[in-house]
Amino acid sequence: MDPYVLFTCRTQEQKSSVSSGQGTTPEWNETFIFTVSEGTTELTVKIFDKDVGTEDDAVGEATIPLEPVFLEGDIPPTAYNVVKNEEFKGEIWIALSFKPSENRSRGVEEETYGGWKNSDASY
């Protein structure tokens, strides 16, 4: 088996490298970054077996709820059930991290006049 993982978060997709020669116990140790917005609730993980000359075989998938990582900030490696046609196929261990963007614009222009930036105080 030469597995790889396709991660989907809303409309964003990212693919892991193919883990050749590791059989049914592959390790990727890769980092993927997604931009999340309000209403994002889950990360879908689909595992495939890479085939040459034919379509890749679907091994199974897992759905990971994101609310815990939004609340905690970091989730250590956790096992998620991988299923195919509602049948348990194994598990995948994934660690999650959520880092809110500090530069997120909320549709308000930064104040460029007055305010504390141009304040002058003398005593």
# chains A, B, ... in the order shown; residues from 1 in each chain; ligands from 1
>>> residues_around(residues="segment 9-14 of chain A", least_positions_apart="4", cutoff="8 Å", atoms="only C-alpha atoms", output="PyMOL selection string")
chain A and resi 32+34+36+40+42-44
>>> atom_distance(atom1="atom CA of Pro3 of chain A", atom2="atom CA of Ser20 of chain A")
7.1 Å
>>> select_by_dssp(residues="chain A", states="strand (DSSP E or B)", output="number ranges by chain")
A: 3-9, 12-15, 42-49, 57-65, 74-84, 87-97
>>> select_by_dssp(residues="chain A", states="alpha helix (DSSP H)", output="list in words")
Glu67, Pro68, Val69, Phe70, Leu71 and Glu72 of chain A
>>> write_last_selection(atoms="N, CA, C and O atoms", output="PDB file, in the first residue's frame")
ATOM      1  N   GLU A  67     -14.405  22.411  16.489  1.00  0.00           N
ATOM      2  CA  GLU A  67     -14.740  23.220  17.663  1.00  0.00           C
ATOM      3  C   GLU A  67     -13.755  23.019  18.816  1.00  0.00           C
ATOM      4  O   GLU A  67     -13.323  24.003  19.429  1.00  0.00           O
ATOM      5  N   PRO A  68     -13.333  21.780  19.130  1.00  0.00           N
ATOM      6  CA  PRO A  68     -12.371  21.616  20.238  1.00  0.00           C
ATOM      7  C   PRO A  68     -11.063  22.384  20.029  1.00  0.00           C
ATOM      8  O   PRO A  68     -10.537  22.976  20.967  1.00  0.00           O
ATOM      9  N   VAL A  69     -10.539  22.405  18.809  1.00  0.00           N
ATOM     10  CA  VAL A  69      -9.277  23.121  18.577  1.00  0.00           C
ATOM     11  C   VAL A  69      -9.498  24.632  18.593  1.00  0.00           C
ATOM     12  O   VAL A  69      -8.629  25.384  19.014  1.00  0.00           O
ATOM     13  N   PHE A  70     -10.685  25.096  18.194  1.00  0.00           N
ATOM     14  CA  PHE A  70     -10.981  26.528  18.283  1.00  0.00           C
ATOM     15  C   PHE A  70     -11.020  26.964  19.744  1.00  0.00           C
ATOM     16  O   PHE A  70     -10.590  28.056  20.093  1.00  0.00           O
ATOM     17  N   LEU A  71     -11.539  26.096  20.613  1.00  0.00           N
ATOM     18  CA  LEU A  71     -11.640  26.428  22.040  1.00  0.00           C
ATOM     19  C   LEU A  71     -10.316  26.285  22.772  1.00  0.00           C
ATOM     20  O   LEU A  71      -9.964  27.091  23.620  1.00  0.00           O
ATOM     21  N   GLU A  72      -9.567  25.229  22.465  1.00  0.00           N
ATOM     22  CA  GLU A  72      -8.331  24.906  23.191  1.00  0.00           C
ATOM     23  C   GLU A  72      -7.078  25.528  22.586  1.00  0.00           C
ATOM     24  O   GLU A  72      -6.103  25.751  23.285  1.00  0.00           O
TER      25      GLU A  72
END
>>> atom_distance(atom1="atom CA of Phe48 of chain A", atom2="atom CA of Ile64 of chain A")
17.2 Å
>>> closest_residue(among="A:Val18, A:Leu66, A:Leu6, A:Ile75", to="Lys46 of chain A", atoms="only C-alpha atoms")
A:Leu6
>>> closest_residue(among="A:Ala58, A:Ile94, A:Lys89, A:Glu27", to="Asp74 of chain A", atoms="only C-alpha atoms")
A:Ile94
>>> residues_around(residues="Gln22 of chain A", least_positions_apart="4", cutoff="8 Å", atoms="only C-alpha atoms", output="JSON, numbers by chain")
{"A": [1, 2, 26, 27]}
>>> write_last_selection(atoms="C-alpha atoms", output="mmCIF file, in the first residue's frame")
data_model
loop_
_atom_site.group_PDB
_atom_site.id
_atom_site.type_symbol
_atom_site.label_atom_id
_atom_site.label_comp_id
_atom_site.auth_asym_id
_atom_site.auth_seq_id
_atom_site.Cartn_x
_atom_site.Cartn_y
_atom_site.Cartn_z
ATOM 1 C CA MET A 1 0.000 0.000 0.000
ATOM 2 C CA ASP A 2 1.240 3.490 -0.922
ATOM 3 C CA PRO A 26 2.468 5.066 7.461
ATOM 4 C CA GLU A 27 3.741 8.221 9.147
#
>>> atom_distance(atom1="atom CA of Leu96 of chain A", atom2="atom CA of Glu30 of chain A")
11.6 Å
>>> closest_residue(among="A:Asn29, A:Ala95, A:Tyr4, A:Ser101", to="Tyr80 of chain A", atoms="only C-alpha atoms")
A:Ala95
>>> residues_around(residues="Ile92 of chain A", least_positions_apart="6", cutoff="9 Å", atoms="only C-alpha atoms", output="list in words")
Ala62, Thr78, Ala79, Tyr80, Asn81 and Val82 of chain A
